[in-house]
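structure_37.cif follows (mmCIF, C-alpha atoms):
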data_run
loop_
_atom_site.group_PDB
_atom_site.id
_atom_site.type_symbol
_atom_site.label_atom_id
_atom_site.label_comp_id
_atom_site.auth_asym_id
_atom_site.auth_seq_id
_atom_site.Cartn_x
_atom_site.Cartn_y
_atom_site.Cartn_z
ATOM 1 C CA MET A 284 0.000 0.000 0.000
ATOM 2 C CA ASN A 285 1.517 3.279 -1.148
ATOM 3 C CA ILE A 286 0.541 6.103 1.223
ATOM 4 C CA GLU A 287 1.522 9.722 0.599
ATOM 5 C CA TYR A 288 1.526 12.153 3.522
ATOM 6 C CA ARG A 289 1.086 15.864 2.918
ATOM 7 C CA LEU A 290 -0.013 19.042 4.610
ATOM 8 C CA MET A 291 -3.742 19.441 4.830
ATOM 9 C CA THR A 292 -5.440 22.100 2.721
ATOM 10 C CA THR A 293 -9.099 22.814 2.011
ATOM 11 C CA ALA A 294 -8.658 21.500 -1.546
ATOM 12 C CA ASP A 295 -9.694 18.051 -0.325
ATOM 13 C CA TYR A 296 -12.322 19.281 2.126
ATOM 14 C CA GLU A 297 -15.163 17.115 0.749
ATOM 15 C CA GLN A 298 -13.096 13.941 1.113
ATOM 16 C CA ALA A 299 -12.044 14.977 4.636
ATOM 17 C CA TYR A 300 -15.651 15.648 5.627
ATOM 18 C CA ASP A 301 -16.815 12.318 4.216
ATOM 19 C CA LEU A 302 -14.049 10.548 6.129
ATOM 20 C CA TRP A 303 -15.031 12.271 9.393
ATOM 21 C CA ILE A 304 -18.621 11.090 8.900
ATOM 22 C CA LEU A 305 -17.485 7.558 8.030
ATOM 23 C CA CYS A 306 -15.261 7.411 11.120
ATOM 24 C CA GLY A 307 -17.888 8.825 13.475
ATOM 25 C CA ASN A 308 -16.242 12.128 14.344
ATOM 26 C CA GLY A 309 -18.566 14.533 16.126
ATOM 27 C CA LEU A 310 -18.987 17.619 13.935
ATOM 28 C CA ASN A 311 -20.999 20.804 13.722
ATOM 29 C CA ASN A 312 -22.133 22.934 10.808
ATOM 30 C CA LYS A 313 -19.945 25.961 11.614
ATOM 31 C CA ASP A 314 -16.538 24.874 12.911
ATOM 32 C CA ASP A 315 -16.423 21.926 10.521
ATOM 33 C CA SER A 316 -17.716 23.738 7.444
ATOM 34 C CA ARG A 317 -15.345 24.434 4.563
ATOM 35 C CA GLU A 318 -15.002 28.019 5.816
ATOM 36 C CA GLY A 319 -14.364 26.877 9.390
ATOM 37 C CA ILE A 320 -11.670 24.399 8.343
ATOM 38 C CA ASP A 321 -10.093 26.948 5.998
ATOM 39 C CA LYS A 322 -9.812 29.446 8.884
ATOM 40 C CA TYR A 323 -8.385 26.692 11.124
ATOM 41 C CA LEU A 324 -5.711 25.759 8.571
ATOM 42 C CA LYS A 325 -4.754 29.380 7.837
ATOM 43 C CA ARG A 326 -4.090 29.953 11.547
ATOM 44 C CA ASN A 327 -1.680 26.971 11.698
ATOM 45 C CA PRO A 328 -0.736 26.044 8.125
ATOM 46 C CA SER A 329 2.031 23.544 8.941
ATOM 47 C CA THR A 330 0.591 21.213 11.594
ATOM 48 C CA SER A 331 -2.350 19.307 10.007
ATOM 49 C CA PHE A 332 -1.851 16.394 7.615
ATOM 50 C CA PHE A 333 -3.568 14.096 5.120
ATOM 51 C CA ALA A 334 -2.748 10.491 4.317
ATOM 52 C CA VAL A 335 -3.567 9.811 0.668
ATOM 53 C CA CYS A 336 -3.787 6.451 -1.128
ATOM 54 C CA GLU A 337 -4.449 6.409 -4.871
ATOM 55 C CA GLU A 338 -5.556 10.073 -4.788
ATOM 56 C CA LYS A 339 -8.102 9.393 -2.024
ATOM 57 C CA VAL A 340 -7.861 10.828 1.503
ATOM 58 C CA VAL A 341 -7.690 7.798 3.818
ATOM 59 C CA GLY A 342 -6.528 9.521 6.993
ATOM 60 C CA LEU A 343 -6.099 12.954 8.486
ATOM 61 C CA ILE A 344 -5.173 14.813 11.606
ATOM 62 C CA LEU A 345 -6.158 18.365 12.488
ATOM 63 C CA CYS A 346 -3.612 19.969 14.769
ATOM 64 C CA VAL A 347 -3.108 23.555 15.915
ATOM 65 C CA HIS A 348 -1.436 25.442 18.706
ATOM 66 C CA ASP A 349 -2.060 28.652 20.572
ATOM 67 C CA GLY A 350 1.626 29.452 21.064
ATOM 68 C CA ARG A 351 1.704 27.460 24.285
ATOM 69 C CA ARG A 352 -0.143 24.144 23.823
ATOM 70 C CA GLY A 353 -0.854 21.952 20.837
ATOM 71 C CA ILE A 354 -4.338 20.589 20.236
ATOM 72 C CA ILE A 355 -5.186 17.515 18.162
ATOM 73 C CA GLN A 356 -8.709 17.325 16.751
ATOM 74 C CA HIS A 357 -10.633 15.167 14.296
ATOM 75 C CA ALA A 358 -7.901 12.580 13.738
ATOM 76 C CA CYS A 359 -9.135 9.535 11.843
ATOM 77 C CA VAL A 360 -8.210 6.776 9.425
ATOM 78 C CA SER A 361 -10.601 5.026 7.047
ATOM 79 C CA PRO A 362 -11.699 1.663 8.497
ATOM 80 C CA ASP A 363 -10.332 -0.058 5.359
ATOM 81 C CA HIS A 364 -6.884 1.459 5.959
ATOM 82 C CA ARG A 365 -6.463 0.850 9.683
ATOM 83 C CA ARG A 366 -3.703 -1.302 11.181
ATOM 84 C CA PHE A 367 -1.132 -0.156 8.622
ATOM 85 C CA GLY A 368 0.494 2.521 10.813
ATOM 86 C CA ILE A 369 -1.225 5.438 9.082
ATOM 87 C CA GLY A 370 -2.662 6.897 12.293
ATOM 88 C CA SER A 371 0.671 6.624 14.084
ATOM 89 C CA LYS A 372 2.456 8.296 11.181
ATOM 90 C CA LEU A 373 -0.076 11.161 11.160
ATOM 91 C CA VAL A 374 0.406 11.661 14.908
ATOM 92 C CA ASP A 375 4.199 11.639 14.474
ATOM 93 C CA LEU A 376 3.990 14.247 11.704
ATOM 94 C CA ALA A 377 1.749 16.512 13.794
ATOM 95 C CA LEU A 378 3.925 16.182 16.909
ATOM 96 C CA GLU A 379 7.107 16.897 14.959
ATOM 97 C CA ALA A 380 5.458 19.960 13.387
ATOM 98 C CA LEU A 381 4.490 21.208 16.867
ATOM 99 C CA LYS A 382 8.018 20.622 18.195
ATOM 100 C CA ALA A 383 9.431 22.565 15.221
ATOM 101 C CA GLU A 384 7.247 25.501 16.305
ATOM 102 C CA GLY A 385 8.491 25.306 19.891
ATOM 103 C CA ILE A 386 5.439 23.626 21.398
ATOM 104 C CA ASN A 387 6.221 21.307 24.320
ATOM 105 C CA LYS A 388 2.845 19.800 25.225
ATOM 106 C CA VAL A 389 -0.223 18.664 23.311
ATOM 107 C CA LEU A 390 -3.780 17.808 24.323
ATOM 108 C CA LEU A 391 -6.744 16.134 22.715
ATOM 109 C CA VAL A 392 -10.331 15.249 23.531
ATOM 110 C CA ALA A 393 -11.732 11.801 22.721
ATOM 111 C CA PHE A 394 -15.297 10.651 23.230
ATOM 112 C CA LYS A 395 -15.516 8.203 26.132
ATOM 113 C CA LYS A 396 -17.539 5.769 24.002
ATOM 114 C CA ASN A 397 -14.818 5.686 21.336
ATOM 115 C CA GLU A 398 -13.054 2.643 22.760
ATOM 116 C CA GLY A 399 -10.888 2.044 19.686
ATOM 117 C CA GLY A 400 -9.818 5.668 19.556
ATOM 118 C CA ASN A 401 -8.995 5.759 23.245
ATOM 119 C CA LYS A 402 -6.890 2.589 22.951
ATOM 120 C CA PHE A 403 -5.077 4.167 20.001
ATOM 121 C CA TRP A 404 -4.279 7.362 21.946
ATOM 122 C CA GLU A 405 -3.029 5.362 24.928
ATOM 123 C CA ALA A 406 -0.753 3.393 22.585
ATOM 124 C CA GLN A 407 0.568 6.731 21.286
ATOM 125 C CA GLY A 408 1.584 7.709 24.827
ATOM 126 C CA PHE A 409 -1.305 10.064 25.647
ATOM 127 C CA THR A 410 -2.370 9.759 29.275
ATOM 128 C CA LEU A 411 -5.848 10.230 30.666
ATOM 129 C CA ARG A 412 -6.315 13.298 32.869
ATOM 130 C CA GLU A 413 -8.886 12.610 35.549
ATOM 131 C CA ASP A 414 -8.195 15.814 37.473
ATOM 132 C CA LEU A 415 -9.846 18.081 34.904
ATOM 133 C CA ASN A 416 -13.360 18.927 33.802
ATOM 134 C CA TYR A 417 -13.821 19.718 30.134
ATOM 135 C CA ARG A 418 -16.180 22.653 29.689
ATOM 136 C CA ASN A 419 -17.677 24.059 26.530
ATOM 137 C CA LYS A 420 -19.781 27.109 25.622
ATOM 138 C CA ALA A 421 -21.158 27.832 22.181
ATOM 139 C CA LEU A 422 -20.979 31.496 21.198
ATOM 140 C CA SER A 423 -23.420 31.008 18.337
ATOM 141 C CA GLU A 424 -26.092 28.473 17.490
ATOM 142 C CA MET A 425 -24.704 25.370 15.789
ATOM 143 C CA ILE A 426 -26.190 22.218 14.381
ATOM 144 C CA ARG A 427 -24.463 19.124 15.763
ATOM 145 C CA ILE A 428 -23.635 16.379 13.297
ATOM 146 C CA ASP A 429 -22.971 13.393 15.552
ATOM 147 C CA PRO A 430 -22.908 9.726 14.664
ATOM 148 C CA ASP A 431 -25.253 7.524 16.686
ATOM 149 C CA TYR A 432 -22.488 5.765 18.618
ATOM 150 C CA ILE A 433 -21.451 8.879 20.561
ATOM 151 C CA LYS A 434 -24.950 9.935 21.607
ATOM 152 C CA GLU A 435 -26.098 9.149 25.138
#

Rewrite the structure from the file as structure tokens, please.
Amino acid sequence: MNIEYRLMTTADYEQAYDLWILCGNGLNNKDDSREGIDKYLKRNPSTSFFAVCEEKVVGLILCVHDGRRGIIQHACVSPDHRRFGIGSKLVDLALEALKAEGINKVLLVAFKKNEGGNKFWEAQGFTLREDLNYRNKALSEMIRIDPDYIKE
């Protein structure tokens, strides 16, 4: 299997969106719109990556930083392309890009019900913080696009 890794751009947005839906990533209509992802990538143009096989996006990782901490979001690999090291390679690329920008620590949020994803992140060396509460506040109305498996 010949996999090409490259920086993420909005040129392949439709394939990225379809992959997020296929993989069960929780999305919303604003942050995850083409415009939202374009703004995200312009803010940190060198830290998010695609994995491409035969001109098709089969994996991706969104990664940004605020100058102090890195944040990984919406990482996924197509179910047909799992267990080939693609996810690990995407994580390595993102972490190396963060290190090159002087970032020393990275965080991510994973749905509790995503057992496979949580096992993957543990295998990548990410530890579970049980001393924190994750809080969220929407500043505008958004439509959630969630797969059934993450709903309570």

Quick one: contact table of stretch 375-427 of chain A to stretch 320-338 of chain A, 9 Å max, nearest atom pair and distance in Å to one decimal per residue, counting all atoms listed in the file, chain and number order, as CSV?
residue,atom,partner,partner_atom,distance
A:Leu376,CA,A:Phe332,CA,7.4
A:Ala377,CA,A:Thr330,CA,5.3
A:Leu378,CA,A:Thr330,CA,8.0
A:Glu379,CA,A:Thr330,CA,8.5
A:Ala380,CA,A:Thr330,CA,5.3
A:Leu381,CA,A:Thr330,CA,6.6

Written selection (C-alpha atoms) as a tab-separated table (two decimals), keeping the file's coordinate frame:
chain	number	residue	atom	x	y	z
A	376	LEU	CA	3.99	14.25	11.70
A	377	ALA	CA	1.75	16.51	13.79
A	378	LEU	CA	3.92	16.18	16.91
A	379	GLU	CA	7.11	16.90	14.96
A	380	ALA	CA	5.46	19.96	13.39
A	381	LEU	CA	4.49	21.21	16.87

Could you give me the centre and size, in Å to one decimal, of an axis-aligned box around all listed atoms of stretch 393-396 of chain A with 4 Å added on every side, as lines of an AutoDock Vina configuration file?
center_x = -14.6
center_y = 8.8
center_z = 24.4
size_x = 13.8
size_y = 14.0
size_z = 11.4

If you count all atoms listed in the file, which residues fall within 8 Å of A:Tyr296, apart from same-chain ones fewer than 4 positions away, as an mmCIF file with C-alpha atoms, in the frame of the given file?
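Once written, part17.cif looks like this:
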data_model
loop_
_atom_site.group_PDB
_atom_site.id
_atom_site.type_symbol
_atom_site.label_atom_id
_atom_site.label_comp_id
_atom_site.auth_asym_id
_atom_site.auth_seq_id
_atom_site.Cartn_x
_atom_site.Cartn_y
_atom_site.Cartn_z
ATOM 1 C CA THR A 292 -5.440 22.100 2.721
ATOM 2 C CA TYR A 300 -15.651 15.648 5.627
ATOM 3 C CA ARG A 317 -15.345 24.434 4.563
#

Item to complete: Just say which residues the PyMOL selection byres ((chain A and resi 342) around 9) picks in this file, as a PyMOL selection string.
Response: chain A and resi 299+302+332-335+340-341+343-344+358-361+364+369-370+373

Worksheet, complete the sentence: atom CA of A:Gly309 to atom CA of A:Met284 measures 28.6 Å

Discussion item. At a cut-off of 9 Å, using only C-alpha atoms, what residues contact A:Ile426? Leave out same-chain residues fewer than 6 positions from it and give the result as a ChimeraX atom specification.
Written reply: /A:310-313

Worksheet item: When you draw a straight line from atom CA of A:Asn387 to atom CA of A:Asn419, how long is it in Å?
Response: 24.2 Å

Worksheet entry | Expansion of the PyMOL selection byres ((chain A and resi 406-418) around 9) into residues, as a list in words |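 That selection, the PyMOL selection byres ((chain A and resi 406-418) around 9), comes back as Ser371, Val374, Val389, Leu390, Leu391, Val392, Asn401, Lys402, Phe403, Trp404, Glu405, Asn419 and Lys420 of chain A.
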
Fill in: Within 10 Å of A:Asp349 using only C-alpha atoms, minus same-chain residues under 2 positions, as a ChimeraX atom specification
/A:326-327,347,351-354,386

Practice prompt. Grab the atom CA of A:Asp429 to atom CA of A:Glu318 distance for me, in Å with one decimal place.
Written response: 19.3 Å

Discussion item. From the options A:Lys372, A:Arg427, A:Lys339, A:Lys396, which residue's atoms come nearest to A:Asp295, counting all atoms listed in the file?
Written reply: A:Lys339
